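Chemist: For reference, the file final22.cif (mmCIF, C-alpha atoms) is included below:
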data_input
loop_
_atom_site.group_PDB
_atom_site.id
_atom_site.type_symbol
_atom_site.label_atom_id
_atom_site.label_comp_id
_atom_site.auth_asym_id
_atom_site.auth_seq_id
_atom_site.Cartn_x
_atom_site.Cartn_y
_atom_site.Cartn_z
ATOM 1 C CA MET A 1 63.148 -22.370 -32.142
ATOM 2 C CA LYS A 2 61.400 -25.218 -30.329
ATOM 3 C CA GLU A 3 61.889 -25.257 -26.574
ATOM 4 C CA GLN A 4 64.043 -28.031 -25.157
ATOM 5 C CA ASN A 5 62.122 -29.653 -22.322
ATOM 6 C CA CYS A 6 63.405 -32.099 -19.737
ATOM 7 C CA THR A 7 62.601 -35.704 -20.694
ATOM 8 C CA GLU A 8 60.606 -37.912 -18.346
ATOM 9 C CA GLY A 9 62.889 -39.899 -16.030
ATOM 10 C CA GLU A 10 65.760 -37.417 -16.315
ATOM 11 C CA THR A 11 67.063 -35.786 -13.121
ATOM 12 C CA ILE A 12 65.719 -32.232 -12.915
ATOM 13 C CA LYS A 13 68.343 -29.620 -12.046
ATOM 14 C CA VAL A 14 66.975 -26.736 -9.982
ATOM 15 C CA VAL A 15 68.382 -23.366 -8.900
ATOM 16 C CA ILE A 16 66.650 -21.498 -6.060
ATOM 17 C CA VAL A 17 66.777 -17.691 -5.872
ATOM 18 C CA GLU A 18 65.308 -16.573 -2.540
ATOM 19 C CA ASP A 19 66.573 -13.964 -0.078
ATOM 20 C CA PHE A 20 65.349 -15.600 3.140
ATOM 21 C CA LYS A 21 67.725 -18.356 4.235
ATOM 22 C CA LEU A 22 65.104 -20.320 6.148
ATOM 23 C CA THR A 23 62.859 -20.389 3.087
ATOM 24 C CA ARG A 24 65.760 -21.465 0.860
ATOM 25 C CA VAL A 25 66.618 -24.290 3.240
ATOM 26 C CA GLY A 26 63.006 -25.413 3.349
ATOM 27 C CA LEU A 27 62.661 -25.379 -0.424
ATOM 28 C CA ARG A 28 65.948 -27.216 -0.903
ATOM 29 C CA CYS A 29 65.106 -29.926 1.630
ATOM 30 C CA ALA A 30 61.597 -30.384 0.267
ATOM 31 C CA LEU A 31 62.790 -30.747 -3.319
ATOM 32 C CA ASN A 32 65.897 -32.827 -2.605
ATOM 33 C CA ALA A 33 63.669 -35.330 -0.821
ATOM 34 C CA ASN A 34 62.647 -36.388 -4.327
ATOM 35 C CA PRO A 35 65.235 -38.610 -6.059
ATOM 36 C CA ASP A 36 64.458 -37.148 -9.482
ATOM 37 C CA ILE A 37 65.049 -33.514 -8.392
ATOM 38 C CA ASP A 38 68.478 -32.029 -7.621
ATOM 39 C CA VAL A 39 68.898 -28.512 -6.239
ATOM 40 C CA VAL A 40 72.292 -27.671 -7.757
ATOM 41 C CA ALA A 41 72.643 -24.105 -6.435
ATOM 42 C CA GLU A 42 70.904 -21.368 -4.463
ATOM 43 C CA ALA A 43 71.262 -17.603 -4.253
ATOM 44 C CA GLU A 44 69.994 -14.845 -1.979
ATOM 45 C CA ASP A 45 69.715 -12.122 -4.621
ATOM 46 C CA ALA A 46 69.078 -11.749 -8.329
ATOM 47 C CA ASN A 47 72.621 -10.847 -9.384
ATOM 48 C CA GLU A 48 74.083 -13.934 -7.739
ATOM 49 C CA GLY A 49 71.193 -15.995 -9.036
ATOM 50 C CA LEU A 50 71.762 -14.921 -12.640
ATOM 51 C CA LYS A 51 75.423 -15.947 -12.403
ATOM 52 C CA LEU A 52 74.520 -19.358 -10.982
ATOM 53 C CA ILE A 53 71.832 -19.909 -13.591
ATOM 54 C CA GLU A 54 74.300 -19.080 -16.357
ATOM 55 C CA ARG A 55 76.862 -21.447 -14.831
ATOM 56 C CA HIS A 56 74.611 -24.438 -14.087
ATOM 57 C CA LYS A 57 71.983 -24.005 -16.830
ATOM 58 C CA PRO A 58 69.295 -25.713 -14.756
ATOM 59 C CA ASN A 59 66.057 -27.150 -16.059
ATOM 60 C CA VAL A 60 64.001 -25.143 -13.571
ATOM 61 C CA VAL A 61 64.536 -21.971 -11.515
ATOM 62 C CA LEU A 62 62.505 -21.117 -8.417
ATOM 63 C CA MET A 63 62.488 -17.317 -8.376
ATOM 64 C CA ASP A 64 61.214 -15.206 -5.496
ATOM 65 C CA LEU A 65 59.383 -12.117 -6.753
ATOM 66 C CA GLY A 66 60.293 -9.912 -3.783
ATOM 67 C CA LEU A 67 64.085 -9.972 -4.027
ATOM 68 C CA PRO A 68 66.153 -7.016 -2.765
ATOM 69 C CA GLY A 69 67.783 -4.825 -5.402
ATOM 70 C CA MET A 70 66.852 -6.307 -8.766
ATOM 71 C CA ASN A 71 63.457 -7.875 -8.175
ATOM 72 C CA GLY A 72 62.381 -11.306 -9.335
ATOM 73 C CA ILE A 73 60.364 -10.002 -12.266
ATOM 74 C CA GLU A 74 63.380 -8.193 -13.744
ATOM 75 C CA ALA A 75 65.539 -11.241 -13.113
ATOM 76 C CA MET A 76 63.070 -13.547 -14.869
ATOM 77 C CA LEU A 77 63.096 -11.338 -17.940
ATOM 78 C CA LYS A 78 66.905 -11.478 -18.030
ATOM 79 C CA VAL A 79 66.907 -15.268 -17.666
ATOM 80 C CA LYS A 80 64.425 -15.731 -20.517
ATOM 81 C CA GLU A 81 66.407 -13.351 -22.690
ATOM 82 C CA SER A 82 69.702 -15.239 -22.321
ATOM 83 C CA LEU A 83 68.449 -18.774 -21.630
ATOM 84 C CA PRO A 84 64.939 -19.108 -23.078
ATOM 85 C CA ASP A 85 64.814 -22.875 -22.515
ATOM 86 C CA VAL A 86 65.165 -22.509 -18.742
ATOM 87 C CA LYS A 87 61.772 -22.865 -17.069
ATOM 88 C CA ILE A 88 60.922 -20.500 -14.217
ATOM 89 C CA ILE A 89 58.569 -20.941 -11.273
ATOM 90 C CA ALA A 90 57.677 -17.587 -9.728
ATOM 91 C CA LEU A 91 57.297 -17.679 -5.942
ATOM 92 C CA THR A 92 55.405 -15.100 -3.910
ATOM 93 C CA SER A 93 54.176 -14.765 -0.347
ATOM 94 C CA HIS A 94 52.444 -11.435 -0.965
ATOM 95 C CA ASP A 95 48.845 -10.558 -1.669
ATOM 96 C CA ARG A 96 49.814 -7.564 -3.821
ATOM 97 C CA ALA A 97 47.816 -8.167 -6.963
ATOM 98 C CA GLU A 98 49.841 -5.730 -9.072
ATOM 99 C CA GLU A 99 52.981 -7.796 -8.425
ATOM 100 C CA VAL A 100 51.184 -10.977 -9.434
ATOM 101 C CA ILE A 101 49.880 -9.420 -12.637
ATOM 102 C CA ALA A 102 53.355 -8.139 -13.539
ATOM 103 C CA ALA A 103 54.762 -11.620 -13.036
ATOM 104 C CA LEU A 104 52.128 -13.129 -15.321
ATOM 105 C CA SER A 105 53.801 -11.468 -18.306
ATOM 106 C CA SER A 106 57.428 -12.031 -17.325
ATOM 107 C CA GLY A 107 57.975 -15.446 -18.897
ATOM 108 C CA ALA A 108 57.463 -17.748 -15.930
ATOM 109 C CA SER A 109 55.936 -21.166 -16.534
ATOM 110 C CA ALA A 110 54.307 -21.429 -13.110
ATOM 111 C CA TYR A 111 53.165 -19.104 -10.337
ATOM 112 C CA CYS A 112 53.089 -20.420 -6.769
ATOM 113 C CA LEU A 113 52.436 -19.064 -3.317
ATOM 114 C CA LYS A 114 55.179 -19.992 -0.857
ATOM 115 C CA ASP A 115 52.795 -21.924 1.365
ATOM 116 C CA ILE A 116 52.267 -24.494 -1.390
ATOM 117 C CA ASP A 117 52.337 -28.098 -0.193
ATOM 118 C CA PRO A 118 55.897 -29.492 -0.624
ATOM 119 C CA GLN A 119 54.739 -32.508 -2.620
ATOM 120 C CA LYS A 120 52.603 -30.299 -4.853
ATOM 121 C CA LEU A 121 55.627 -28.082 -5.452
ATOM 122 C CA ALA A 122 57.667 -31.126 -6.479
ATOM 123 C CA ASP A 123 54.879 -32.101 -8.895
ATOM 124 C CA VAL A 124 54.846 -28.570 -10.321
ATOM 125 C CA VAL A 125 58.634 -28.703 -10.807
ATOM 126 C CA ARG A 126 58.266 -31.994 -12.706
ATOM 127 C CA ASP A 127 55.434 -30.654 -14.883
ATOM 128 C CA VAL A 128 57.245 -27.399 -15.642
ATOM 129 C CA ALA A 129 60.439 -29.283 -16.556
ATOM 130 C CA LEU A 130 58.397 -31.263 -19.086
ATOM 131 C CA GLY A 131 57.007 -28.077 -20.617
ATOM 132 C CA VAL A 132 53.677 -27.861 -18.783
ATOM 133 C CA CYS A 133 52.476 -24.506 -17.423
ATOM 134 C CA TRP A 134 50.731 -24.185 -14.061
ATOM 135 C CA ILE A 135 49.151 -21.362 -12.105
ATOM 136 C CA ASP A 136 48.326 -21.514 -8.395
ATOM 137 C CA PRO A 137 44.565 -21.113 -7.882
ATOM 138 C CA MET A 138 45.210 -18.474 -5.206
ATOM 139 C CA VAL A 139 47.406 -16.505 -7.613
ATOM 140 C CA ALA A 140 44.666 -16.585 -10.224
ATOM 141 C CA GLN A 141 42.187 -15.380 -7.625
ATOM 142 C CA LEU A 142 44.460 -12.495 -6.607
ATOM 143 C CA ALA A 143 44.682 -11.344 -10.208
ATOM 144 C CA LEU A 144 40.953 -11.798 -10.704
ATOM 145 C CA ASN A 145 40.059 -9.767 -7.619
ATOM 146 C CA SER A 146 42.240 -6.862 -8.758
ATOM 147 C CA LEU A 147 40.691 -6.424 -12.187
ATOM 148 C CA PRO A 148 37.404 -4.754 -13.021
ATOM 149 C CA LYS A 149 34.755 -7.007 -14.473
ATOM 150 C CA VAL A 150 33.975 -6.532 -18.141
ATOM 151 C CA GLU A 151 31.146 -7.828 -20.234
ATOM 152 C CA ASN A 152 31.725 -11.463 -21.103
ATOM 153 C CA ILE A 153 32.056 -11.277 -24.835
ATOM 154 C CA GLY A 154 34.040 -13.074 -27.463
ATOM 155 C CA PHE A 155 34.639 -16.458 -25.863
ATOM 156 C CA LEU A 156 31.402 -17.242 -24.060
ATOM 157 C CA PRO A 157 28.820 -19.640 -25.539
ATOM 158 C CA ASN A 158 26.132 -18.171 -27.743
ATOM 159 C CA LYS A 159 28.210 -15.100 -28.594
ATOM 160 C CA SER A 160 29.037 -16.125 -32.153
ATOM 161 C CA GLN A 161 27.390 -12.989 -33.456
ATOM 162 C CA ASN A 162 30.496 -11.032 -32.441
ATOM 163 C CA GLU A 163 32.270 -10.553 -35.751
ATOM 164 C CA GLY A 164 35.769 -12.020 -35.915
ATOM 165 C CA ARG A 165 35.417 -13.914 -32.610
ATOM 166 C CA VAL A 166 35.161 -17.675 -32.134
ATOM 167 C CA PRO A 167 33.204 -18.612 -28.971
ATOM 168 C CA LEU A 168 34.006 -21.489 -26.675
ATOM 169 C CA THR A 169 31.439 -24.226 -26.311
ATOM 170 C CA GLU A 170 29.701 -24.641 -22.968
ATOM 171 C CA ARG A 171 31.957 -27.604 -22.174
ATOM 172 C CA GLU A 172 35.093 -25.658 -23.128
ATOM 173 C CA PHE A 173 34.006 -22.758 -20.932
ATOM 174 C CA GLU A 174 33.614 -25.225 -18.054
ATOM 175 C CA VAL A 175 37.100 -26.597 -18.764
ATOM 176 C CA LEU A 176 38.465 -23.031 -18.822
ATOM 177 C CA LYS A 177 37.172 -22.435 -15.282
ATOM 178 C CA HIS A 178 39.043 -25.512 -14.070
ATOM 179 C CA LEU A 179 42.132 -24.439 -16.004
ATOM 180 C CA VAL A 180 42.126 -21.030 -14.301
ATOM 181 C CA SER A 181 41.815 -22.841 -10.964
ATOM 182 C CA GLY A 182 45.142 -24.516 -11.666
ATOM 183 C CA LYS A 183 43.851 -28.017 -12.312
ATOM 184 C CA SER A 184 45.853 -30.436 -14.458
ATOM 185 C CA ASN A 185 44.326 -32.362 -17.368
ATOM 186 C CA THR A 186 43.973 -35.394 -15.086
ATOM 187 C CA GLU A 187 42.164 -33.353 -12.440
ATOM 188 C CA ILE A 188 39.900 -31.757 -15.067
ATOM 189 C CA ALA A 189 39.079 -35.209 -16.423
ATOM 190 C CA LYS A 190 38.057 -36.393 -12.944
ATOM 191 C CA GLU A 191 35.919 -33.305 -12.349
ATOM 192 C CA LEU A 192 34.082 -33.680 -15.666
ATOM 193 C CA ILE A 193 34.036 -37.507 -15.626
ATOM 194 C CA VAL A 194 35.755 -37.774 -19.014
ATOM 195 C CA SER A 195 39.000 -39.334 -20.205
ATOM 196 C CA VAL A 196 42.306 -37.489 -19.858
ATOM 197 C CA HIS A 197 42.558 -37.566 -23.657
ATOM 198 C CA THR A 198 39.208 -35.753 -23.920
ATOM 199 C CA ALA A 199 40.230 -33.178 -21.319
ATOM 200 C CA LYS A 200 43.491 -32.551 -23.175
ATOM 201 C CA ALA A 201 41.604 -32.145 -26.450
ATOM 202 C CA HIS A 202 39.327 -29.532 -24.845
ATOM 203 C CA VAL A 203 42.343 -27.627 -23.502
ATOM 204 C CA CYS A 204 44.033 -27.660 -26.916
ATOM 205 C CA SER A 205 40.842 -26.358 -28.523
ATOM 206 C CA ILE A 206 40.590 -23.579 -25.920
ATOM 207 C CA LEU A 207 44.179 -22.489 -26.555
ATOM 208 C CA GLN A 208 43.567 -22.380 -30.299
ATOM 209 C CA LYS A 209 40.311 -20.436 -30.041
ATOM 210 C CA MET A 210 41.734 -17.951 -27.542
ATOM 211 C CA CYS A 211 44.846 -17.475 -29.722
ATOM 212 C CA VAL A 212 47.283 -18.236 -26.886
ATOM 213 C CA ASN A 213 50.267 -20.569 -26.662
ATOM 214 C CA ASP A 214 49.827 -22.241 -23.296
ATOM 215 C CA ARG A 215 47.602 -22.787 -20.263
ATOM 216 C CA VAL A 216 49.051 -19.869 -18.298
ATOM 217 C CA GLN A 217 48.343 -17.408 -21.113
ATOM 218 C CA ALA A 218 44.800 -18.786 -21.362
ATOM 219 C CA ALA A 219 44.297 -18.367 -17.608
ATOM 220 C CA VAL A 220 45.686 -14.830 -17.667
ATOM 221 C CA LYS A 221 43.517 -13.855 -20.634
ATOM 222 C CA ALA A 222 40.460 -15.370 -18.983
ATOM 223 C CA VAL A 223 41.136 -13.371 -15.822
ATOM 224 C CA LYS A 224 41.834 -10.120 -17.700
ATOM 225 C CA GLU A 225 38.697 -10.505 -19.833
ATOM 226 C CA GLY A 226 36.537 -11.342 -16.809
ATOM 227 C CA LEU A 227 35.527 -14.700 -18.255
ATOM 228 C CA VAL A 228 35.648 -16.530 -14.919
#
Could the structure of this file be written out as structure tokens, please?

Modeler:
Amino acid sequence: MKEQNCTEGETIKVVIVEDFKLTRVGLRCALNANPDIDVVAEAEDANEGLKLIERHKPNVVLMDLGLPGMNGIEAMLKVKESLPDVKIIALTSHDRAEEVIAALSSGASAYCLKDIDPQKLADVVRDVALGVCWIDPMVAQLALNSLPKVENIGFLPNKSQNEGRVPLTEREFEVLKHLVSGKSNTEIAKELIVSVHTAKAHVCSILQKMCVNDRVQAAVKAVKEGLV
């Protein structure tokens, strides 16, 4: 079934699940400062959060990973099981790489550190509501630092001799590095001095060649394979 994304211009309903009250208040104030974003509910633990998500059916959920009791990763899996169209932004303030890696396979559409700039967070909420995936560059670096390097095979240029593997071009490999760094198509286009349409075409080609469905999966695979 095709995912139902928020349409551009539509008010984005958000539920925040975070156990620290001060952080919840900060997130709510930062997001509600944007007229197109409405924080409709907030919870301090996963059980309460799941009930509120079921009741409000928001477009986007901000989910803390380090919740007491049921942690954020378990909660995200439950949300995606019952409400697959709900987009989830995983929030973390920790530098525990194993937690980050676990979150990368839990169904979240974005992965942010809690010290993210408020306006950037609002932009991420908008992108995620529209169906775009995003990964914080620091989160990608945490995952990268925790994994052993492996030989760069399969997707690197000039490796077409590997049977059954389709390599990325040099330009696509350059785009992949920017993608892992969390850059949007617009930012990639500026870095490479190409049009946004060209940057988007490169990203689509990368996803197809790497046999993944979205940017986050491509970033995760690139990190796991030691391609960046």

Chemist: List, as a compact mmCIF listing (two decimals) with C-alpha atoms, keeping the file's coordinate frame, every residue that the PyMOL selection byres ((chain A and resi 50-53) around 10) selects in the file provided.

Modeler:
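Result went into result20.txt, see below:
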# COMPACT_ATOMS: atom_id res chain seq x y z
CA VAL A 14 66.97 -26.74 -9.98
CA VAL A 15 68.38 -23.37 -8.90
CA ILE A 16 66.65 -21.50 -6.06
CA VAL A 17 66.78 -17.69 -5.87
CA VAL A 40 72.29 -27.67 -7.76
CA ALA A 41 72.64 -24.10 -6.44
CA GLU A 42 70.90 -21.37 -4.46
CA ALA A 43 71.26 -17.60 -4.25
CA ASP A 45 69.72 -12.12 -4.62
CA ALA A 46 69.08 -11.75 -8.33
CA ASN A 47 72.62 -10.85 -9.38
CA GLU A 48 74.08 -13.93 -7.74
CA GLY A 49 71.19 -16.00 -9.04
CA GLU A 54 74.30 -19.08 -16.36
CA ARG A 55 76.86 -21.45 -14.83
CA HIS A 56 74.61 -24.44 -14.09
CA LYS A 57 71.98 -24.00 -16.83
CA PRO A 58 69.30 -25.71 -14.76
CA ASN A 59 66.06 -27.15 -16.06
CA VAL A 60 64.00 -25.14 -13.57
CA VAL A 61 64.54 -21.97 -11.52
CA ALA A 75 65.54 -11.24 -13.11
CA MET A 76 63.07 -13.55 -14.87
CA LYS A 78 66.90 -11.48 -18.03
CA VAL A 79 66.91 -15.27 -17.67
CA SER A 82 69.70 -15.24 -22.32
CA LEU A 83 68.45 -18.77 -21.63
CA VAL A 86 65.17 -22.51 -18.74

Chemist: I need the output of the PyMOL selection byres ((chain A and resi 211) around 12) for this file as number ranges by chain; which residues are they?

Modeler: A: 154-155, 165-168, 204-210, 212-215, 217-218, 221-222

Chemist: Please produce a file of the residues just selected, as a PDB file, in the coordinates of the input, where the atoms kept are C-alpha atoms.

Modeler:
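Below is the file out-v8.pdb, written as the result:
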ATOM      1  CA  GLY A 154      34.040 -13.074 -27.463  1.00  0.00           C
ATOM      2  CA  PHE A 155      34.639 -16.458 -25.863  1.00  0.00           C
ATOM      3  CA  ARG A 165      35.417 -13.914 -32.610  1.00  0.00           C
ATOM      4  CA  VAL A 166      35.161 -17.675 -32.134  1.00  0.00           C
ATOM      5  CA  PRO A 167      33.204 -18.612 -28.971  1.00  0.00           C
ATOM      6  CA  LEU A 168      34.006 -21.489 -26.675  1.00  0.00           C
ATOM      7  CA  CYS A 204      44.033 -27.660 -26.916  1.00  0.00           C
ATOM      8  CA  SER A 205      40.842 -26.358 -28.523  1.00  0.00           C
ATOM      9  CA  ILE A 206      40.590 -23.579 -25.920  1.00  0.00           C
ATOM     10  CA  LEU A 207      44.179 -22.489 -26.555  1.00  0.00           C
ATOM     11  CA  GLN A 208      43.567 -22.380 -30.299  1.00  0.00           C
ATOM     12  CA  LYS A 209      40.311 -20.436 -30.041  1.00  0.00           C
ATOM     13  CA  MET A 210      41.734 -17.951 -27.542  1.00  0.00           C
ATOM     14  CA  VAL A 212      47.283 -18.236 -26.886  1.00  0.00           C
ATOM     15  CA  ASN A 213      50.267 -20.569 -26.662  1.00  0.00           C
ATOM     16  CA  ASP A 214      49.827 -22.241 -23.296  1.00  0.00           C
ATOM     17  CA  ARG A 215      47.602 -22.787 -20.263  1.00  0.00           C
ATOM     18  CA  GLN A 217      48.343 -17.408 -21.113  1.00  0.00           C
ATOM     19  CA  ALA A 218      44.800 -18.786 -21.362  1.00  0.00           C
ATOM     20  CA  LYS A 221      43.517 -13.855 -20.634  1.00  0.00           C
ATOM     21  CA  ALA A 222      40.460 -15.370 -18.983  1.00  0.00           C
TER      22      ALA A 222
END

Chemist: As an exercise, work out the distance from atom CA of Met63 of chain A to atom CA of Leu91 of chain A in Å and give it to one decimal place.

Modeler: 5.7 Å

Chemist: When distances are computed from all atoms listed in the file, which of A:Asp136, A:Leu31, A:Val223, A:Asp19 shows the smallest separation from Leu176 of chain A?

Modeler: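 Of the candidates, the smallest distance to Leu176 of chain A is held by A:Val223.
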
Chemist: When the PyMOL selection byres ((chain A and resi 199) around 8) is applied to the structure above, which residues does it catch, written out as a ChimeraX atom specification?

Modeler: /A:175,185-186,188-189,194-198,200-203
